[in-house]
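Worksheet for the structure shown next.
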Amino acid sequence: MKWLLVSLCVTSTVVGDVFRSLGMRHHGEIHDFRPGAIGGALSAIARNWMVILSTCAMAVSFFSFMKLVSIAPMSFAVPVSAVTFIPETLLARFLLKEAVDTQRWLGIGLILVGVVFISQ
Amino acid sequence: MPVTEAPRHAPSRAVIRKTRLFAVISVLSNVAGNSALTHGLQQLGAIGNTPLDLIAALFHPWVALGVTMLIVWTFAHMALLSWADLSYVMPVTAIGYVVTAFAGRFSLGETVSPMRWAGIVLITLGVTLVGRTPPASAPKGRPVE
C-alpha cells in the first residue's frame with residue numbers, strides 16, 4: 001500500500017508539474033495583475049486542456065500524499081516526494097527544452113541530498 | 001490575452017522582482033497549507049480509503065484551511081510557470097523544506113540535529129545556485145513542438 005501510494009504520488013506530481021508548465025507556457029506570461037485581467041487569465045487557463053489535465057493530476061497527487069502521510073512518517077514521505085526532482089528535471093531538459101546547465105544540475109543535486117538529510 | 005516572449009538571457013529587473021515575489025508567495029502558502037493539513041490529519045487520525053472518506057476529511061477546519069492555502073499556492077505556482085522555467089521554479093521553491101524545518105524549530109520547539117542543519121545548509125546552497133541562473137530559458141507564449 002505504501003509503495004503504491006509513493007508511485008502514484010510521484011507519477012501524478014511529475015505529470016501535473018510538466019503539464020502545468022506546458023499549459024502556462026502556451027498561455028503566455030501573466031503580467032497584468034489587475035482584478036479584471038486576472039479574471040480573464042483565469043477563464044482562459046480554465047479552458048486550457050493541459051492545465052485541466054495538470055489540475056486532475058495534482059488532485060491525485062494531493063490525495064495520495066494526504067493518504068501517505070496518514071500511514072507513513074513524514075521522515076519517509078517528504079524525501080520520497082522529492083524524488084520527483086529527477087524525472088522533472090530530465091523532462092524539463094528534453095521535453096520542455098529548457099536550458100538546464102551545470103549550475104542548475106548541481107543546485108538540484110545539493111537540494112536532493114539536503115532533503116534526505118533534513119528528513120532524518 | 002497579451003502574449004509576450006520571455007527574455008532568453010539577461011532577465012529584466014521587473015521579471016526578477018516578480019519572480020522573487022511569486023516564489024515567496026508560493027513557498028509560504030505551500031508550507032502553511034501543508035502544515036495546516038498535517039495538523040488537521042493528525043487530529044482526525046486514520047482516514048478510510050474511499051473517495052467519500054477523503055472528501056469528508058476536507059471539512060475539518062485545519063484541513064479546510066490547509067486546502068485554502070494550497071489553492072493560493074496553485075495560483076501563485078501557475079503564474080510563476082507562465083514566465084519561468086520548471087527547472088528553475090521546482091528547485092527554487094525547495095527552500096520551503098528549510099522554512100518547514102525552522103517553523104518546526106520555533107513553533108513546536110523541536111531540536112534541530114546536526115544532520116538537519118547540514119540538510120538546511122545544502123538545500124540553501126542548492127537554491128542559491130539555481131536562483132542565480134536566469135529564470136526563463138525556453139520560449140514562452142507558444143506551444144512546444
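Ligands are numbered from 1 in the order shown, residues from 1 within each chain, and chains are lettered A, B, ... in the order they appear in the C-alpha cells.
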
DSSP-assigned alpha helix (DSSP H) members of chain A, reported as a ChimeraX atom specification:
/A:2-27,35-46,49-71,74-81,85-94,102-118

Find the residues around Leu91 (chain A) up to 9 Å (only C-alpha atoms counted), leave out those fewer than 6 positions away in its own chain, and share them as a count of residues only.
4

Test item: residues at most 8 Å from Leu81 (chain B), only C-alpha atoms, excluding those fewer than 3 positions along its chain, as a PyMOL selection string
(chain A and resi 20-21+24-25) or (chain B and resi 77-78+84-86+89)

Counting only C-alpha atoms, a student should be able to say which residues of chain A come within 8 Å of chain B; what is the right answer, written as an MDAnalysis selection string?
chainID A and resid 17:18 20:22 24:30 40:41 63 67 69:71 85 88:89 92:93 96:100 103:104 106:120

Need the shell around Ala77 (chain A): protein/DNA/RNA residues with any atom at most 9 Å away, counting only C-alpha atoms. Skip same-chain ones fewer than 5 positions apart. Format as a PyMOL selection string?
chain A and resi 6+65+68-69+72+82+119

Please, could you write that set of residues out with C-alpha atoms as a short mmCIF file (atom, residue, chain, number, x, y, z; two decimals), in the first residue's frame?
data_model
loop_
_atom_site.label_atom_id
_atom_site.label_comp_id
_atom_site.auth_asym_id
_atom_site.auth_seq_id
_atom_site.Cartn_x
_atom_site.Cartn_y
_atom_site.Cartn_z
CA VAL A 6 4.51 6.58 -3.37
CA PHE A 65 0.16 12.38 -0.43
CA LEU A 68 0.61 8.62 2.52
CA VAL A 69 1.28 10.98 5.45
CA ALA A 72 3.79 6.72 6.92
CA ALA A 82 11.45 14.95 -3.53
CA SER A 119 14.13 14.42 6.90
#

Which residue gives the smallest distance to Cys56 (chain A) among A:Leu42, A:Val15, A:Leu95, A:Ala37, with only C-alpha atoms counted?
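For Cys56 (chain A), the nearest of the given residues is A:Val15.
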